[in-house]
>>> print(open('my_file.tsv').read())   # TSV, C-alpha atoms
chain	number	residue	atom	x	y	z
A	1	MET	CA	69.17	55.72	26.44
A	2	PRO	CA	72.84	55.00	25.79
A	3	MET	CA	75.37	57.56	27.00
A	4	LYS	CA	76.65	58.28	23.47
A	5	ILE	CA	73.19	59.39	22.27
A	6	ILE	CA	72.74	61.68	25.29
A	7	TYR	CA	76.17	63.22	24.65
A	8	LEU	CA	75.37	63.80	20.95
A	9	THR	CA	71.97	65.29	21.82
A	10	VAL	CA	73.51	67.75	24.29
A	11	LEU	CA	76.26	68.64	21.81
A	12	TRP	CA	73.71	69.22	19.03
A	13	TYR	CA	71.64	71.46	21.34
A	14	LEU	CA	74.65	73.56	22.33
A	15	LEU	CA	75.85	74.01	18.76
A	16	ASN	CA	72.41	75.03	17.50
A	17	ASN	CA	71.61	77.36	20.38
A	18	VAL	CA	74.84	79.32	20.73
A	19	ASP	CA	72.94	82.64	20.62
A	20	ARG	CA	70.82	81.55	23.58
A	21	CYS	CA	73.85	80.92	25.76
A	22	SER	CA	74.63	84.10	27.61
A	23	THR	CA	78.02	85.55	26.83
A	24	ILE	CA	79.80	88.42	28.49
A	25	SER	CA	81.82	90.69	26.23
A	26	TYR	CA	84.57	92.92	27.50
A	27	MET	CA	87.17	95.07	25.83
A	28	ILE	CA	90.86	94.78	26.57
A	29	THR	CA	92.59	98.15	26.17
A	30	GLU	CA	96.39	98.14	26.03
A	31	ARG	CA	99.33	100.28	24.94
A	32	PRO	CA	97.83	103.78	25.22
A	33	VAL	CA	99.72	106.63	23.55
A	34	VAL	CA	99.03	110.35	23.88
A	35	SER	CA	100.72	111.87	20.84
A	36	TYR	CA	99.71	115.53	21.19
A	37	VAL	CA	98.40	117.87	23.91
A	38	ASN	CA	97.72	121.54	23.20
A	39	GLU	CA	98.94	123.57	26.18
A	40	THR	CA	96.09	126.07	25.82
A	41	PHE	CA	93.61	123.24	26.53
A	42	ALA	CA	95.28	121.28	29.34
A	43	LYS	CA	98.40	121.43	31.49
A	44	TYR	CA	98.71	117.66	31.09
A	45	PHE	CA	96.72	114.72	29.71
A	46	ILE	CA	97.74	111.26	30.90
A	47	LEU	CA	96.11	108.08	29.59
A	48	ASN	CA	96.99	104.64	30.93
A	49	SER	CA	95.45	101.18	31.02
A	50	ARG	CA	95.92	98.31	33.45
A	51	ARG	CA	94.34	95.27	35.03
A	52	ILE	CA	93.29	95.54	38.65
A	53	ASN	CA	93.93	91.85	39.46
A	54	HIS	CA	94.32	88.53	37.67
A	55	LYS	CA	90.83	87.32	38.56
A	56	ASP	CA	89.18	90.20	36.71
A	57	PRO	CA	89.78	89.85	32.94
A	58	ARG	CA	88.95	93.49	32.18
A	59	TYR	CA	91.47	96.24	31.65
A	60	TYR	CA	90.65	99.65	33.07
A	61	ALA	CA	91.62	102.94	31.46
A	62	ASN	CA	92.52	105.99	33.55
A	63	ILE	CA	92.63	109.61	32.40
A	64	TYR	CA	94.32	112.28	34.48
A	65	THR	CA	94.11	115.84	33.22
A	66	GLU	CA	93.91	119.44	34.29
A	67	THR	CA	91.89	121.49	31.82
A	68	LEU	CA	92.40	125.20	31.30
A	69	MET	CA	89.07	125.93	29.59
A	70	PRO	CA	85.45	124.89	30.18
A	71	LEU	CA	84.24	121.60	28.69
A	72	ASP	CA	81.04	122.09	26.71
A	73	ASN	CA	79.56	121.09	23.36
A	74	THR	CA	82.08	123.20	21.42
A	75	ILE	CA	84.64	120.58	22.52
A	76	ARG	CA	84.28	117.69	20.05
A	77	MET	CA	85.19	114.08	20.85
A	78	ASP	CA	85.97	112.10	17.69
A	79	PHE	CA	86.56	108.34	18.02
A	80	TYR	CA	87.91	106.48	14.99
A	81	PHE	CA	88.05	102.68	15.07
A	82	TYR	CA	90.77	100.97	13.03
A	83	GLU	CA	90.69	97.22	12.39
A	84	TYR	CA	93.83	95.09	12.79
A	85	LEU	CA	94.29	93.21	9.50
A	86	THR	CA	97.43	91.58	8.11
A	87	ASN	CA	99.71	93.19	10.71
A	88	ARG	CA	98.40	96.71	10.01
A	89	TYR	CA	95.71	98.94	11.44
A	90	ARG	CA	93.28	99.86	8.66
A	91	PRO	CA	90.46	102.42	8.87
A	92	SER	CA	87.00	100.94	9.37
A	93	PHE	CA	83.58	102.44	8.88
A	94	VAL	CA	83.02	102.73	12.67
A	95	GLU	CA	83.32	106.32	13.90
A	96	LEU	CA	81.73	108.20	16.78
A	97	HIS	CA	81.51	112.01	16.87
A	98	PHE	CA	80.04	113.91	19.83
A	99	GLY	CA	80.01	117.26	21.50
A	100	PHE	CA	81.42	116.72	25.01
A	101	CYS	CA	78.13	117.21	26.87
A	102	ASP	CA	76.16	115.19	24.32
A	103	MET	CA	78.61	112.30	24.73
A	104	LEU	CA	78.02	112.20	28.48
A	105	GLU	CA	74.25	112.19	28.09
A	106	LYS	CA	73.72	110.01	25.00
A	107	ASP	CA	76.66	107.65	24.47
A	108	SER	CA	76.51	104.25	26.16
A	109	ILE	CA	80.01	103.10	25.12
A	110	PHE	CA	82.34	105.84	26.42
A	111	GLY	CA	80.06	108.51	27.88
A	112	SER	CA	78.56	106.29	30.57
A	113	GLN	CA	81.99	105.65	32.07
A	114	ILE	CA	83.00	109.32	32.13
A	115	LYS	CA	79.59	110.30	33.53
A	116	ARG	CA	80.29	108.30	36.72
A	117	HIS	CA	82.99	110.86	37.65
A	118	ARG	CA	81.12	114.11	37.16
A	119	GLU	CA	80.60	114.80	40.90
A	120	ASN	CA	77.23	116.60	40.59
A	121	LEU	CA	78.62	119.01	37.99
A	122	THR	CA	76.54	120.09	35.05
A	123	CYS	CA	77.52	121.12	31.57
A	124	PRO	CA	79.59	123.23	30.91
A	125	TYR	CA	82.20	121.67	33.17
A	126	PRO	CA	84.61	124.19	34.72
A	127	PRO	CA	88.36	124.19	34.10
A	128	ARG	CA	89.97	122.09	36.83
A	129	GLN	CA	91.73	118.81	37.56
A	130	TYR	CA	89.88	115.63	36.54
A	131	ASN	CA	90.85	112.09	37.59
A	132	LEU	CA	88.78	109.58	35.63
A	133	THR	CA	89.73	106.16	36.98
A	134	LYS	CA	88.64	102.55	36.50
A	135	MET	CA	86.87	103.12	33.19
A	136	SER	CA	86.09	100.10	31.06
A	137	VAL	CA	83.83	99.59	28.10
A	138	THR	CA	80.82	97.82	29.56
A	139	PHE	CA	78.52	97.99	26.53
A	140	ILE	CA	79.72	96.42	23.28
A	141	PRO	CA	77.21	96.08	20.43
A	142	LYS	CA	76.44	92.42	19.78
A	143	ASN	CA	77.46	92.50	16.12
A	144	PHE	CA	80.55	94.68	16.40
A	145	PRO	CA	82.36	94.19	13.06
A	146	PHE	CA	85.81	93.13	14.31
A	147	GLN	CA	87.63	91.76	17.35
A	148	ARG	CA	91.03	93.52	17.29
A	149	GLY	CA	91.88	97.08	16.46
A	150	ARG	CA	92.88	100.52	17.61
A	151	ILE	CA	90.77	103.45	18.81
A	152	TYR	CA	91.98	106.92	17.85
A	153	LEU	CA	90.70	109.88	19.87
A	154	ASN	CA	90.87	113.47	18.71
A	155	ILE	CA	89.61	116.22	20.99
A	156	THR	CA	88.98	119.39	19.01
A	157	ARG	CA	87.17	122.70	19.34
A	158	HIS	CA	85.05	123.94	16.48
A	159	GLU	CA	84.70	127.66	16.14
A	160	ILE	CA	83.07	129.65	13.36
A	161	ASP	CA	86.13	130.03	11.17
A	162	LYS	CA	88.57	127.38	12.45
A	163	LYS	CA	89.05	124.00	14.06
A	164	ALA	CA	91.73	123.56	16.75
A	165	LEU	CA	93.19	120.19	17.77
A	166	TYR	CA	93.64	119.89	21.55
A	167	VAL	CA	94.44	116.22	22.22
A	168	SER	CA	95.33	113.30	19.98
A	169	ALA	CA	95.68	109.78	21.41
A	170	HIS	CA	95.15	106.13	20.60
A	171	ILE	CA	94.77	102.83	22.42
A	172	ASP	CA	94.83	99.23	21.16
A	173	MET	CA	91.72	97.17	21.81
A	174	GLU	CA	90.55	93.59	21.64
A	175	ILE	CA	87.06	92.26	22.31
A	176	LYS	CA	86.85	89.02	24.26
A	177	ASN	CA	83.77	86.88	24.84
A	178	ILE	CA	83.32	84.42	27.68
A	179	LEU	CA	80.37	82.15	28.41
A	180	SER	CA	78.69	82.84	31.71
>>> encode(input="my_file.tsv", output="C-alpha cells")
Amino acid sequence: MPMKIIYLTVLWYLLNNVDRCSTISYMITERPVVSYVNETFAKYFILNSRRINHKDPRYYANIYTETLMPLDNTIRMDFYFYEYLTNRYRPSFVELHFGFCDMLEKDSIFGSQIKRHRENLTCPYPPRQYNLTKMSVTFIPKNFPFQRGRIYLNITRHEIDKKALYVSAHIDMEIKNILS
C-alpha cells in the first residue's frame, strides 16, 4: 500500500472519530475581582487565581475568608455565567443556584472542590477562618455552550421578609481542550 493512501486513511479516521479521541477539558480562571463584602458576614473575603507551575496548564483559585455567621442552607450561592461576545460579556442562560450545604453535597462543578476542605465538619459550618486553596474546575459538561466568559458569584441570605447580599465577585474563565 503506498504511503499516501495510508496517510489519507489515518487522516480520514481521525477526522471522523474526533469524539472517540479522549480530550481533557480544563478551565482557566483569571482576573478575579471581589466587588463587595458585607462586614456582618465576613471580616474579609479574598479571591485569587494562579498557576502552580508552567507544566500544569490549569489555574487554581484560592479563597481566604473569616466568616462571622454559620454557613447553612439559608446562605445562597448564585453563579451567573456570562459569555464573551464581540468584546463584551453578555448574560447567558447558564445559572446555578444552591443553598450552601446543598452545593457541597450535590454540585460537581464547584461544590466538589470546596468539599475537599471541610475538615470533617458537617452542615451548618461554624463561623471561623476558612482557607480554600488549589481549587480548579475538574468537571466541565461536554457540551458547555461557550468557551470564554465570566462567572459572577453572589452570596446572599434569604430570610422571610428580606434578602441580604453578603459577597459579590466575578472571575474571567476560558475552557481549553487538549488531546490526551
>>> residues_around(input="my_file.tsv", residues="A:Pro91", least_positions_apart="5", cutoff="8 Å", atoms="all atoms listed in the file", output="PyMOL selection string")
chain A and resi 80-83
>>> closest_residue(input="my_file.tsv", among="A:Met135, A:Pro70, A:Pro145, A:Lys176", to="A:Phe41", atoms="only C-alpha atoms")
A:Pro70
>>> residues_around(input="my_file.tsv", residues="stretch 48-52 of chain A", least_positions_apart="4", cutoff="8 Å", atoms="all atoms listed in the file", output="compact mmCIF listing (two decimals) with C-alpha atoms, in the coordinates of the input")
# COMPACT_ATOMS: atom_id res chain seq x y z
CA THR A 29 92.59 98.15 26.17
CA GLU A 30 96.39 98.14 26.03
CA ARG A 31 99.33 100.28 24.94
CA PRO A 32 97.83 103.78 25.22
CA ASP A 56 89.18 90.20 36.71
CA PRO A 57 89.78 89.85 32.94
CA ARG A 58 88.95 93.49 32.18
CA TYR A 59 91.47 96.24 31.65
CA TYR A 60 90.65 99.65 33.07
CA ALA A 61 91.62 102.94 31.46
CA ASN A 62 92.52 105.99 33.55
CA ILE A 63 92.63 109.61 32.40
>>> atom_distance(input="my_file.tsv", atom1="atom CA of A:Tyr36", atom2="atom CA of A:Leu96")
19.9 Å
>>> closest_residue(input="my_file.tsv", among="A:Leu153, A:Ala42, A:Leu71, A:Val137", to="A:Glu95", atoms="all atoms listed in the file")
A:Leu153
>>> closest_residue(input="my_file.tsv", among="A:Ile109, A:Ile171, A:Ile114, A:Leu121", to="A:Arg150", atoms="only C-alpha atoms")
A:Ile171
>>> atom_distance(input="my_file.tsv", atom1="atom CA of A:Glu66", atom2="atom CA of A:Phe98")
20.8 Å
>>> atom_distance(input="my_file.tsv", atom1="atom CA of A:Phe45", atom2="atom CA of A:Asn73")
19.4 Å
>>> closest_residue(input="my_file.tsv", among="A:Asp72, A:Cys123, A:Asp102, A:Ser168", to="A:Asn38", atoms="all atoms listed in the file")
A:Ser168
>>> closest_residue(input="my_file.tsv", among="A:Phe93, A:Glu105, A:Ala169, A:Phe146", to="A:Thr122", atoms="all atoms listed in the file")
A:Glu105
>>> closest_residue(input="my_file.tsv", among="A:Tyr130, A:Tyr64, A:Tyr26, A:Tyr152", to="A:Tyr89", atoms="all atoms listed in the file")
A:Tyr152
>>> residues_near_point(input="my_file.tsv", point="(91.7, 93.5, 21.3)", cutoff="9 Å", atoms="all atoms listed in the file", output="number ranges by chain")
A: 27-30, 84, 147-150, 172-176
>>> residues_around(input="my_file.tsv", residues="A:Glu159", least_positions_apart="4", cutoff="10 Å", atoms="all atoms listed in the file", output="short mmCIF file (atom, residue, chain, number, x, y, z; two decimals) with C-alpha atoms, keeping the file's coordinate frame")
data_model
loop_
_atom_site.label_atom_id
_atom_site.label_comp_id
_atom_site.auth_asym_id
_atom_site.auth_seq_id
_atom_site.Cartn_x
_atom_site.Cartn_y
_atom_site.Cartn_z
CA THR A 74 82.08 123.20 21.42
CA ILE A 75 84.64 120.58 22.52
CA LYS A 163 89.05 124.00 14.06
CA ALA A 164 91.73 123.56 16.75
#
>>> axis_aligned_box(input="my_file.tsv", around="stretch 60-64 of chain A", padding_each_side="3 Å", output="lines of an AutoDock Vina configuration file")
center_x = 92.5
center_y = 106.0
center_z = 33.0
size_x = 9.7
size_y = 18.6
size_z = 9.0
>>> residues_around(input="my_file.tsv", residues="A:Met77", least_positions_apart="3", cutoff="9 Å", atoms="all atoms listed in the file", output="mmCIF file with C-alpha atoms, in the frame of the given file")
data_model
loop_
_atom_site.group_PDB
_atom_site.id
_atom_site.type_symbol
_atom_site.label_atom_id
_atom_site.label_comp_id
_atom_site.auth_asym_id
_atom_site.auth_seq_id
_atom_site.Cartn_x
_atom_site.Cartn_y
_atom_site.Cartn_z
ATOM 1 C CA LEU A 96 81.730 108.200 16.780
ATOM 2 C CA HIS A 97 81.510 112.010 16.870
ATOM 3 C CA PHE A 98 80.040 113.910 19.830
ATOM 4 C CA GLY A 99 80.010 117.260 21.500
ATOM 5 C CA PHE A 100 81.420 116.720 25.010
ATOM 6 C CA MET A 103 78.610 112.300 24.730
ATOM 7 C CA LEU A 153 90.700 109.880 19.870
ATOM 8 C CA ASN A 154 90.870 113.470 18.710
ATOM 9 C CA ILE A 155 89.610 116.220 20.990
ATOM 10 C CA THR A 156 88.980 119.390 19.010
ATOM 11 C CA ARG A 157 87.170 122.700 19.340
#
>>> build_atoms(input="my_file.tsv", residues="stretch 64-96 of chain A", atoms="N, CA and C atoms", output="JSON list (two decimals), in the frame of the given file")
[["chain", "number", "residue", "atom", "x", "y", "z"],
["A", 64, "TYR", "N", 94.00, 111.23, 33.52],
["A", 64, "TYR", "CA", 94.32, 112.28, 34.48],
["A", 64, "TYR", "C", 94.62, 113.53, 33.69],
["A", 65, "THR", "N", 93.89, 114.61, 33.97],
["A", 65, "THR", "CA", 94.11, 115.84, 33.22],
["A", 65, "THR", "C", 93.74, 117.04, 34.08],
["A", 66, "GLU", "N", 94.31, 118.17, 33.71],
["A", 66, "GLU", "CA", 93.91, 119.44, 34.29],
["A", 66, "GLU", "C", 93.61, 120.37, 33.12],
["A", 67, "THR", "N", 92.32, 120.66, 32.95],
["A", 67, "THR", "CA", 91.89, 121.49, 31.82],
["A", 67, "THR", "C", 92.05, 122.97, 32.16],
["A", 68, "LEU", "N", 92.24, 123.76, 31.13],
["A", 68, "LEU", "CA", 92.40, 125.20, 31.30],
["A", 68, "LEU", "C", 91.24, 125.98, 30.70],
["A", 69, "MET", "N", 90.26, 125.28, 30.16],
["A", 69, "MET", "CA", 89.07, 125.93, 29.59],
["A", 69, "MET", "C", 87.86, 125.07, 29.90],
["A", 70, "PRO", "N", 86.66, 125.67, 29.87],
["A", 70, "PRO", "CA", 85.45, 124.89, 30.18],
["A", 70, "PRO", "C", 85.20, 123.81, 29.13],
["A", 71, "LEU", "N", 84.60, 122.71, 29.58],
["A", 71, "LEU", "CA", 84.24, 121.60, 28.69],
["A", 71, "LEU", "C", 82.74, 121.70, 28.38],
["A", 72, "ASP", "N", 82.43, 121.97, 27.14],
["A", 72, "ASP", "CA", 81.04, 122.09, 26.71],
["A", 72, "ASP", "C", 80.89, 121.46, 25.34],
["A", 73, "ASN", "N", 79.80, 121.72, 24.65],
["A", 73, "ASN", "CA", 79.56, 121.09, 23.36],
["A", 73, "ASN", "C", 80.41, 121.66, 22.23],
["A", 74, "THR", "N", 81.14, 122.74, 22.46],
["A", 74, "THR", "CA", 82.08, 123.20, 21.42],
["A", 74, "THR", "C", 83.33, 122.31, 21.40],
["A", 75, "ILE", "N", 83.55, 121.57, 22.47],
["A", 75, "ILE", "CA", 84.64, 120.58, 22.52],
["A", 75, "ILE", "C", 84.10, 119.30, 21.89],
["A", 76, "ARG", "N", 84.73, 118.87, 20.79],
["A", 76, "ARG", "CA", 84.28, 117.69, 20.05],
["A", 76, "ARG", "C", 85.16, 116.49, 20.41],
["A", 77, "MET", "N", 84.51, 115.35, 20.60],
["A", 77, "MET", "CA", 85.19, 114.08, 20.85],
["A", 77, "MET", "C", 84.98, 113.21, 19.62],
["A", 78, "ASP", "N", 86.05, 112.91, 18.91],
["A", 78, "ASP", "CA", 85.97, 112.10, 17.69],
["A", 78, "ASP", "C", 86.71, 110.79, 17.93],
["A", 79, "PHE", "N", 85.99, 109.68, 17.85],
["A", 79, "PHE", "CA", 86.56, 108.34, 18.02],
["A", 79, "PHE", "C", 86.57, 107.65, 16.66],
["A", 80, "TYR", "N", 87.74, 107.19, 16.26],
["A", 80, "TYR", "CA", 87.91, 106.48, 14.99],
["A", 80, "TYR", "C", 88.40, 105.07, 15.31],
["A", 81, "PHE", "N", 87.69, 104.06, 14.84],
["A", 81, "PHE", "CA", 88.05, 102.68, 15.07],
["A", 81, "PHE", "C", 88.79, 102.13, 13.85],
["A", 82, "TYR", "N", 89.99, 101.59, 14.08],
["A", 82, "TYR", "CA", 90.77, 100.97, 13.03],
["A", 82, "TYR", "C", 90.81, 99.46, 13.30],
["A", 83, "GLU", "N", 90.66, 98.67, 12.25],
["A", 83, "GLU", "CA", 90.69, 97.22, 12.39],
["A", 83, "GLU", "C", 92.11, 96.70, 12.16],
["A", 84, "TYR", "N", 92.50, 95.71, 12.94],
["A", 84, "TYR", "CA", 93.83, 95.09, 12.79],
["A", 84, "TYR", "C", 93.73, 93.97, 11.77],
["A", 85, "LEU", "N", 94.30, 94.18, 10.60],
["A", 85, "LEU", "CA", 94.29, 93.21, 9.50],
["A", 85, "LEU", "C", 95.69, 93.09, 8.92],
["A", 86, "THR", "N", 96.14, 91.87, 8.72],
["A", 86, "THR", "CA", 97.43, 91.58, 8.11],
["A", 86, "THR", "C", 98.55, 92.47, 8.67],
["A", 87, "ASN", "N", 98.65, 92.48, 9.98],
["A", 87, "ASN", "CA", 99.71, 93.19, 10.71],
["A", 87, "ASN", "C", 99.69, 94.70, 10.51],
["A", 88, "ARG", "N", 98.54, 95.25, 10.16],
["A", 88, "ARG", "CA", 98.40, 96.71, 10.01],
["A", 88, "ARG", "C", 97.04, 97.13, 10.55],
["A", 89, "TYR", "N", 96.99, 98.37, 11.01],
["A", 89, "TYR", "CA", 95.71, 98.94, 11.44],
["A", 89, "TYR", "C", 95.12, 99.69, 10.24],
["A", 90, "ARG", "N", 93.92, 99.27, 9.83],
["A", 90, "ARG", "CA", 93.28, 99.86, 8.66],
["A", 90, "ARG", "C", 91.99, 100.54, 9.08],
["A", 91, "PRO", "N", 91.68, 101.70, 8.50],
["A", 91, "PRO", "CA", 90.46, 102.42, 8.87],
["A", 91, "PRO", "C", 89.22, 101.56, 8.63],
["A", 92, "SER", "N", 88.28, 101.64, 9.54],
["A", 92, "SER", "CA", 87.00, 100.94, 9.37],
["A", 92, "SER", "C", 85.91, 101.99, 9.19],
["A", 93, "PHE", "N", 84.70, 101.52, 9.04],
["A", 93, "PHE", "CA", 83.58, 102.44, 8.88],
["A", 93, "PHE", "C", 83.00, 102.88, 10.23],
["A", 94, "VAL", "N", 83.54, 102.39, 11.34],
["A", 94, "VAL", "CA", 83.02, 102.73, 12.67],
["A", 94, "VAL", "C", 83.67, 104.01, 13.15],
["A", 95, "GLU", "N", 82.87, 105.04, 13.35],
["A", 95, "GLU", "CA", 83.32, 106.32, 13.90],
["A", 95, "GLU", "C", 82.24, 106.87, 14.82],
["A", 96, "LEU", "N", 82.66, 107.54, 15.87],
["A", 96, "LEU", "CA", 81.73, 108.20, 16.78],
["A", 96, "LEU", "C", 82.17, 109.65, 16.92]]
